[in-house]
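Note: the block below is structure_6.txt and it holds compact mmCIF, C-alpha atoms.
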# COMPACT_ATOMS: atom_id res chain seq x y z
CA MET X 1187 -40.35 -82.49 -16.04
CA LEU X 1188 -41.63 -84.61 -18.91
CA LEU X 1189 -38.27 -84.34 -20.66
CA VAL X 1190 -36.46 -85.45 -17.51
CA LEU X 1191 -38.77 -88.43 -16.98
CA THR X 1192 -38.41 -89.49 -20.60
CA ALA X 1193 -34.62 -89.36 -20.41
CA CYS X 1194 -34.53 -91.29 -17.16
CA GLY X 1195 -36.85 -93.93 -18.59
CA GLN X 1196 -34.59 -94.69 -21.52
CA THR X 1197 -32.38 -97.76 -21.31
CA LYS X 1198 -28.87 -97.64 -22.65
CA GLU X 1199 -28.60 -99.83 -25.71
CA MET X 1200 -26.19 -102.74 -25.35
CA ARG X 1201 -23.13 -102.34 -27.56
CA PRO X 1202 -22.60 -104.94 -30.32
CA ILE X 1203 -19.71 -106.76 -28.62
CA ASP X 1204 -21.78 -107.24 -25.44
CA LYS X 1205 -24.76 -108.42 -27.50
CA LEU X 1206 -22.59 -111.06 -29.13
CA TYR X 1207 -21.92 -112.70 -25.76
CA SER X 1208 -25.35 -112.15 -24.22
CA ASN X 1209 -28.13 -114.69 -23.56
CA ILE X 1210 -25.76 -117.63 -23.90
CA GLN X 1211 -26.38 -120.47 -21.48
CA PRO X 1212 -23.38 -122.37 -20.06
CA LEU X 1213 -23.04 -125.93 -21.31
CA GLN X 1214 -23.18 -128.68 -18.73
CA TYR X 1215 -21.91 -132.10 -19.73
CA LYS X 1216 -20.88 -135.06 -17.59
CA SER X 1217 -17.44 -134.73 -19.14
CA MET X 1218 -16.01 -131.40 -20.37
CA ASN X 1219 -12.51 -132.09 -21.65
CA ARG X 1220 -10.11 -129.28 -22.48
CA TYR X 1221 -6.99 -130.15 -24.48
CA PHE X 1222 -3.67 -128.33 -24.22
CA ILE X 1223 -0.47 -128.36 -26.22
CA GLU X 1224 2.70 -127.84 -24.22
CA ALA X 1225 6.16 -127.32 -25.68
CA ASN X 1226 9.62 -126.96 -24.18
CA GLN X 1227 12.55 -126.18 -26.43
CA SER X 1228 16.08 -124.92 -26.64
CA GLY X 1229 18.29 -124.02 -29.59
CA CYS X 1230 15.48 -123.64 -32.14
CA PHE X 1231 12.35 -121.72 -33.07
CA TYR X 1232 9.04 -123.39 -33.83
CA GLU X 1233 5.43 -123.20 -34.97
CA LEU X 1234 2.67 -125.53 -33.79
CA TYR X 1235 -0.38 -126.33 -35.92
CA VAL X 1236 -3.48 -128.30 -34.95
CA ASN X 1237 -5.59 -129.49 -37.87
CA GLY X 1238 -3.70 -127.05 -40.07
CA ARG X 1239 -4.37 -124.01 -37.90
CA MET X 1240 -1.47 -122.29 -36.14
CA VAL X 1241 -2.01 -122.36 -32.38
CA PHE X 1242 1.38 -121.14 -31.13
CA LYS X 1243 4.75 -119.93 -32.37
CA LEU X 1244 8.06 -118.93 -30.81
CA PHE X 1245 10.63 -116.78 -32.62
CA LYS X 1246 12.28 -115.06 -29.66
CA GLN X 1247 15.79 -115.86 -28.52
CA VAL X 1248 15.01 -116.46 -24.87
CA GLY X 1249 16.94 -119.65 -24.19
CA LEU X 1250 14.98 -122.51 -22.67
CA MET X 1251 11.30 -121.73 -23.07
CA GLY X 1252 8.05 -123.52 -22.27
CA HIS X 1253 4.39 -122.72 -22.73
CA THR X 1254 0.92 -124.30 -22.54
CA THR X 1255 -1.97 -123.37 -24.86
CA CYS X 1256 -5.57 -124.59 -25.02
CA ILE X 1257 -6.35 -126.06 -28.46
CA ASN X 1258 -10.06 -126.90 -28.23
CA ASP X 1259 -10.84 -124.11 -30.70
CA ALA X 1260 -9.00 -126.13 -33.36
CA ILE X 1261 -10.91 -129.32 -32.49
CA LEU X 1262 -14.29 -129.47 -34.23
CA LYS X 1263 -15.48 -132.80 -32.83
CA SER X 1264 -14.32 -136.04 -31.22
CA GLY X 1265 -11.92 -138.14 -33.29
CA MET X 1266 -8.37 -138.09 -34.59
CA GLN X 1267 -6.64 -134.70 -34.58
CA GLU X 1268 -3.49 -133.76 -36.50
CA VAL X 1269 -0.57 -131.84 -35.00
CA THR X 1270 2.28 -130.43 -37.09
CA VAL X 1271 5.53 -129.19 -35.54
CA LYS X 1272 7.68 -126.91 -37.73
CA LEU X 1273 11.22 -126.23 -36.51
CA TYR X 1274 13.60 -123.46 -37.60
CA PRO X 1275 17.26 -122.68 -36.74
CA LEU X 1276 18.02 -119.64 -34.59
CA GLY X 1277 19.39 -117.52 -37.43
CA GLN X 1278 21.37 -114.46 -36.38
CA THR X 1279 22.08 -114.33 -32.64
CA GLU X 1280 24.11 -111.83 -30.64
CA VAL X 1281 27.16 -114.08 -31.00
CA GLU X 1282 26.92 -115.76 -34.41
CA ARG X 1283 24.54 -116.93 -37.13
CA PHE X 1284 22.95 -120.37 -37.19
CA ASP X 1285 21.38 -121.37 -40.50
CA THR X 1286 21.15 -125.01 -39.49
CA PHE X 1287 20.32 -126.78 -36.23
CA THR X 1288 23.16 -127.36 -33.80
CA LYS X 1289 23.62 -130.49 -31.71
CA ASN X 1290 22.04 -128.67 -28.75
CA ALA X 1291 18.69 -128.10 -30.50
CA ARG X 1292 15.86 -129.90 -28.73
CA ILE X 1293 12.09 -129.81 -28.32
CA GLU X 1294 9.42 -131.75 -26.47
CA VAL X 1295 5.76 -131.35 -27.40
CA LYS X 1296 2.99 -132.79 -25.24
CA ILE X 1297 -0.76 -133.01 -25.67
CA GLU X 1298 -2.55 -133.09 -22.33
CA LYS X 1299 -6.18 -132.93 -21.27
CA TYR X 1300 -8.18 -132.28 -18.16
CA ASP X 1301 -11.87 -132.53 -17.42
CA THR X 1302 -13.29 -129.25 -16.11
CA GLN X 1303 -15.92 -131.28 -14.25
CA VAL X 1304 -13.39 -133.45 -12.39
CA GLU X 1305 -10.65 -132.28 -10.03
CA ASP X 1306 -7.09 -133.56 -10.55
CA SER X 1307 -8.01 -135.10 -13.92
CA ASP X 1308 -4.87 -134.04 -15.79
CA GLU X 1309 -3.80 -136.70 -18.26
CA LYS X 1310 -0.96 -136.86 -20.78
CA VAL X 1311 -2.29 -137.93 -24.17
CA VAL X 1312 0.80 -138.06 -26.39
CA THR X 1313 4.39 -136.78 -26.45
CA PHE X 1314 6.69 -135.97 -29.37
CA LYS X 1315 10.35 -135.42 -28.57
CA ILE X 1316 13.60 -134.48 -30.29
CA PRO X 1317 16.41 -134.69 -27.72
CA GLU X 1318 19.76 -132.89 -27.97
CA ALA X 1319 22.68 -134.92 -29.26
CA SER X 1320 24.19 -135.67 -25.84
CA THR X 1321 21.06 -137.57 -24.69
CA ARG X 1322 20.00 -139.04 -28.04
CA SER X 1323 19.66 -142.76 -28.62
CA LYS X 1324 20.06 -144.44 -32.01
CA ASN X 1325 16.29 -144.46 -32.58
CA ASP X 1326 15.76 -140.77 -31.80
CA ILE X 1327 15.23 -138.13 -34.49
CA LYS X 1328 18.39 -136.30 -35.56
CA ILE X 1329 18.07 -132.73 -36.86
CA GLU X 1330 21.54 -131.22 -36.42
CA GLY X 1331 22.87 -129.80 -39.69
CA LEU X 1332 19.38 -129.43 -41.21
CA PRO X 1333 17.99 -125.98 -42.24
CA TYR X 1334 14.39 -126.95 -41.42
CA TYR X 1335 12.43 -129.83 -39.93
CA GLU X 1336 8.74 -130.71 -39.91
CA HIS X 1337 6.91 -133.54 -38.17
CA THR X 1338 3.21 -134.46 -38.05
CA PHE X 1339 1.54 -136.77 -35.54
CA THR X 1340 -2.03 -137.50 -34.48
CA PHE X 1341 -3.95 -137.98 -31.26
CA TYR X 1342 -7.51 -138.90 -30.33
CA ALA X 1343 -9.66 -136.25 -28.68
CA GLU X 1344 -12.98 -136.83 -26.98
CA VAL X 1345 -15.05 -133.66 -26.59
CA PRO X 1346 -18.74 -133.21 -25.69
CA TYR X 1347 -19.49 -130.80 -28.51
CA GLU X 1348 -19.51 -130.75 -32.30
CA VAL X 1349 -19.16 -127.52 -34.27
CA THR X 1350 -19.39 -127.18 -38.04
CA GLY X 1351 -16.29 -125.01 -38.42
CA TRP X 1352 -14.74 -125.70 -41.82
CA SER X 1353 -15.83 -129.36 -41.98
CA GLU X 1354 -18.39 -128.68 -44.73
CA SER X 1355 -16.51 -125.88 -46.47
CA GLN X 1356 -15.15 -125.88 -50.00
CA ASP X 1357 -11.65 -127.09 -50.84
CA LEU X 1358 -9.90 -123.81 -51.59
CA THR X 1359 -6.84 -125.53 -53.04
CA LYS X 1360 -9.00 -126.51 -56.03
CA MET X 1361 -9.82 -122.89 -56.85
CA ASN X 1362 -7.88 -120.72 -59.26
CA GLN X 1363 -5.15 -119.61 -56.89
CA LYS X 1364 -4.64 -116.13 -58.36
CA GLN X 1365 -8.36 -115.44 -58.08
CA LEU X 1366 -8.42 -116.80 -54.52
CA GLU X 1367 -5.48 -114.58 -53.58
CA LYS X 1368 -7.32 -111.51 -54.91
CA GLU X 1369 -10.40 -112.41 -52.87
CA VAL X 1370 -8.39 -112.99 -49.69
CA VAL X 1371 -6.50 -109.69 -50.05
CA ALA X 1372 -9.77 -107.85 -50.73
CA PHE X 1373 -11.34 -109.40 -47.62
CA TYR X 1374 -8.40 -108.39 -45.44
CA ASN X 1375 -8.46 -104.84 -46.84
CA ASN X 1376 -12.17 -104.57 -46.11
CA LEU X 1377 -11.61 -105.85 -42.58
CA SER X 1378 -8.89 -103.22 -42.15
CA ASP X 1379 -11.42 -100.53 -43.15
CA VAL X 1380 -14.00 -101.89 -40.71
CA ILE X 1381 -11.53 -101.73 -37.82
CA TYR X 1382 -10.15 -98.31 -38.81
CA ASN X 1383 -13.66 -96.88 -39.08
CA GLN X 1384 -14.45 -98.47 -35.69
CA ASP X 1385 -17.58 -100.05 -37.14
CA GLU X 1386 -18.16 -102.37 -34.21
CA ALA X 1387 -21.51 -103.70 -35.47
CA LYS X 1388 -20.04 -104.66 -38.85
CA TRP X 1389 -17.05 -106.29 -37.20
CA VAL X 1390 -19.33 -108.36 -34.94
CA SER X 1391 -21.26 -109.55 -38.01
CA LEU X 1392 -17.97 -110.72 -39.56
CA VAL X 1393 -16.67 -112.61 -36.50
CA LYS X 1394 -19.96 -113.87 -35.04
CA LYS X 1395 -19.63 -117.49 -36.19
CA ARG X 1396 -16.00 -117.64 -35.05
CA GLU X 1397 -16.81 -116.29 -31.62
CA LEU X 1398 -19.83 -118.52 -31.01
CA GLU X 1399 -17.82 -121.61 -31.96
CA PHE X 1400 -14.97 -120.44 -29.73
CA LEU X 1401 -17.42 -120.16 -26.84
CA THR X 1402 -18.80 -123.64 -27.49
CA SER X 1403 -15.47 -125.42 -27.92
CA GLU X 1404 -13.10 -123.67 -25.55
CA ALA X 1405 -15.17 -121.96 -22.85
CA TYR X 1406 -18.23 -124.23 -22.90
CA ASN X 1407 -20.40 -121.10 -23.22
CA ASP X 1408 -19.31 -119.76 -19.84
CA VAL X 1409 -19.14 -116.04 -20.61
CA ASN X 1410 -18.07 -115.30 -17.04
CA VAL X 1411 -14.70 -117.04 -17.17
CA GLY X 1412 -11.67 -114.79 -17.10
CA SER X 1413 -10.52 -115.68 -20.61
CA ILE X 1414 -13.80 -114.50 -22.15
CA LYS X 1415 -13.88 -111.32 -20.09
CA ASP X 1416 -10.32 -110.58 -21.24
CA ARG X 1417 -11.29 -111.35 -24.82
CA LYS X 1418 -14.22 -108.90 -24.69
CA ARG X 1419 -12.05 -106.24 -23.03
CA LYS X 1420 -9.41 -106.55 -25.75
CA PHE X 1421 -11.98 -106.24 -28.53
CA LYS X 1422 -13.58 -103.19 -26.93
CA GLN X 1423 -10.21 -101.45 -26.64
CA ILE X 1424 -9.82 -101.68 -30.41
CA PHE X 1425 -13.13 -99.91 -31.04
CA ASP X 1426 -12.69 -97.39 -28.22
CA SER X 1427 -9.13 -96.46 -29.14
CA LYS X 1428 -8.41 -92.77 -29.71
CA PHE X 1429 -5.40 -93.83 -31.77
CA LYS X 1430 -6.04 -95.89 -34.89
CA LYS X 1431 -3.89 -96.66 -37.88
CA LYS X 1432 -4.26 -98.66 -41.06
CA GLU X 1433 -1.32 -100.93 -41.73
CA PRO X 1434 -0.52 -102.45 -45.13
CA LEU X 1435 -0.37 -106.20 -45.50
CA ASP X 1436 3.11 -107.60 -45.00
CA ASP X 1437 4.68 -109.46 -47.89
CA TYR X 1438 2.95 -112.80 -47.56
CA GLU X 1439 2.38 -116.37 -48.59
CA MET X 1440 -0.99 -118.10 -48.63
CA ILE X 1441 -1.21 -121.02 -46.22
CA PHE X 1442 -3.96 -123.62 -46.03
CA GLY X 1443 -5.32 -125.78 -43.24
CA GLY X 1444 -8.29 -127.99 -42.47
CA ASN X 1445 -7.55 -130.21 -45.48
CA GLY X 1446 -7.49 -127.18 -47.77
CA ARG X 1447 -10.71 -125.68 -46.46
CA ILE X 1448 -9.25 -122.69 -44.59
CA VAL X 1449 -6.77 -120.09 -45.83
CA ALA X 1450 -4.75 -117.28 -44.27
CA LEU X 1451 -1.98 -114.92 -45.31
CA LYS X 1452 1.25 -115.54 -43.44
CA SER X 1453 3.89 -112.82 -43.18
CA ILE X 1454 7.25 -113.62 -44.74
CA ILE X 1455 8.76 -110.56 -43.03
CA LYS X 1456 7.79 -111.14 -39.40
CA LYS X 1457 8.31 -114.83 -38.71
CA GLY X 1458 5.38 -116.70 -37.23
CA TYR X 1459 2.92 -113.84 -37.70
CA GLY X 1460 -0.06 -113.28 -39.93
CA ALA X 1461 0.31 -110.68 -42.69
CA PHE X 1462 -2.74 -108.73 -41.44
CA SER X 1463 -2.25 -106.03 -38.80
CA TYR X 1464 -3.68 -102.76 -37.51
CA GLY X 1465 -2.71 -100.03 -35.07
CA TYR X 1466 -4.59 -99.17 -31.89
CA GLU X 1467 -3.97 -98.03 -28.32
CA LYS X 1468 -3.64 -100.90 -25.87
CA THR X 1469 -4.46 -100.45 -22.19
CA TYR X 1470 -2.55 -102.64 -19.75
CA ASP X 1471 -3.66 -104.01 -16.37
CA ASP X 1472 -1.84 -101.22 -14.52
CA GLY X 1473 -3.71 -98.58 -16.52
CA SER X 1474 -0.78 -97.59 -18.71
CA LYS X 1475 -1.29 -97.29 -22.45
CA SER X 1476 0.81 -97.70 -25.57
CA LYS X 1477 0.28 -97.52 -29.31
CA ILE X 1478 0.84 -100.94 -30.82
CA ARG X 1479 0.70 -102.72 -34.15
CA ASN X 1480 -1.37 -105.84 -33.59
CA TYR X 1481 -0.75 -108.79 -35.92
CA SER X 1482 -3.56 -111.30 -36.35
CA TYR X 1483 -3.98 -114.63 -38.10
CA ILE X 1484 -7.40 -114.44 -39.77
CA TYR X 1485 -8.47 -117.79 -41.24
CA LEU X 1486 -11.09 -117.63 -43.98
CA HIS X 1487 -13.32 -120.25 -45.62
CA LYS X 1488 -16.09 -120.54 -48.18
CA PRO X 1489 -19.14 -122.29 -46.73
CA LYS X 1490 -20.79 -124.94 -48.84
CA GLY X 1491 -22.89 -123.30 -51.54
CA SER X 1492 -21.37 -119.85 -51.07
CA ASP X 1493 -19.04 -117.87 -53.32
CA LYS X 1494 -17.93 -115.50 -50.57
CA LEU X 1495 -15.12 -115.79 -48.05
CA GLU X 1496 -16.02 -115.63 -44.37
CA ILE X 1497 -14.00 -115.55 -41.15
CA ILE X 1498 -13.97 -118.96 -39.49
CA ARG X 1499 -11.05 -118.63 -37.04
Before we go any further, please render this structure as structure tokens.
Amino acid sequence: MLLVLTACGQTKEMRPIDKLYSNIQPLQYKSMNRYFIEANQSGCFYELYVNGRMVFKLFKQVGLMGHTTCINDAILKSGMQEVTVKLYPLGQTEVERFDTFTKNARIEVKIEKYDTQVEDSDEKVVTFKIPEASTRSKNDIKIEGLPYYEHTFTFYAEVPYEVTGWSESQDLTKMNQKQLEKEVVAFYNNLSDVIYNQDEAKWVSLVKKRELEFLTSEAYNDVNVGSIKDRKRKFKQIFDSKFKKKEPLDDYEMIFGGNGRIVALKSIIKKGYGAFSYGYEKTYDDGSKSKIRNYSYIYLHKPKGSDKLEIIR
């Protein structure tokens, strides 16, 4: 009887991922702006960067394609924000190969915001556009015949929060680049071990700052919103997966953002993807499962006064 009572009196310890998102109070501001980047294109592939951090890419031949992505996680505080659009030709299609842009290549990129505290508060902030040749005026940008095109523009964001992020981090471009590369590769390899060994507590310690800043900037600490619940569910699947597989880093190039304060390894094999990946079993909404190779951009920084890399996004 004593054994039974003792067992019944025990409380199940909260797992590390749940602890990470526990005891966090929702933020309540008079204005709670969320910013989105929206792109519509045809005849080209593209990558979108906000403050040097990739927020979306498209390298699928799907014809006319549009999307909308929240970018608050790349905005550290109110002020001017930088957006870079990188355009690529279609390459090999089912019909022929395109190593340069055709006259039909076009893209329109919009930055929009809405206040989560105010209904019907959608507002267009800025638009960047490259029209196809048939609708182009003499002042429009012309890209046909080019093998690559890049454009950077800025917009002003007003947000009710301020996170440290990489704002006080060291300029990694001033380091010895071979030494930095060794440190980045070693960090990624260690992270691969942590995931493969399903060391959830260690993983949480590595991503804690990233996740808390994500909550502050994008979800305003509301752990009950669908996006956060989905985020937690995805993370738990990785550490509950019966199937697990280490994957080697793709051939890569080092890319920098945040004025040289953040670094990541970008795959030069799989366009638009990070070089870091791992295998696990993904469970879909209908209950079906499949073994996948998940590619992730992991941005690292060195905080002021530290000689060690840490995950920041």
ask   = Using only C-alpha atoms, which of X:Met1266, X:Leu1398, X:Ile1484, X:Val1345 sits nearest Met1440 in chain X?
value = X:Ile1484
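Straight-line separation from CA of Asp1493 in chain X to CA of Trp1389 in chain X: 19.9 Å.
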Given all atoms listed in the file as the counted atoms, nearest of X:Ser1228, X:Val1409, X:Glu1397, X:Ile1203 to Ile1424 in chain X =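 Residue with the minimum atom-to-atom distance to Ile1424 in chain X: X:Ile1203.
Of the listed residues X:Arg1201, X:Lys1328, X:Lys1494, X:Lys1263, the one whose atoms come nearest to Lys1422 in chain X is X:Arg1201, with distances taken using all atoms listed in the file.
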ask   = Counting only C-alpha atoms, what is within 7 Å of Leu1262 in chain X, bar same-chain residues fewer than 4 positions away, as a PyMOL selection string?
value = chain X and resi 1348-1351
task = Anything within 7 Å of (-14.6, -132.8, -16.8): list those residues as a list in words, counting only C-alpha atoms and sticking to the file's coordinates.
result = Lys1216, Ser1217, Met1218, Asn1219, Tyr1300, Asp1301, Thr1302, Gln1303 and Val1304 of chain X
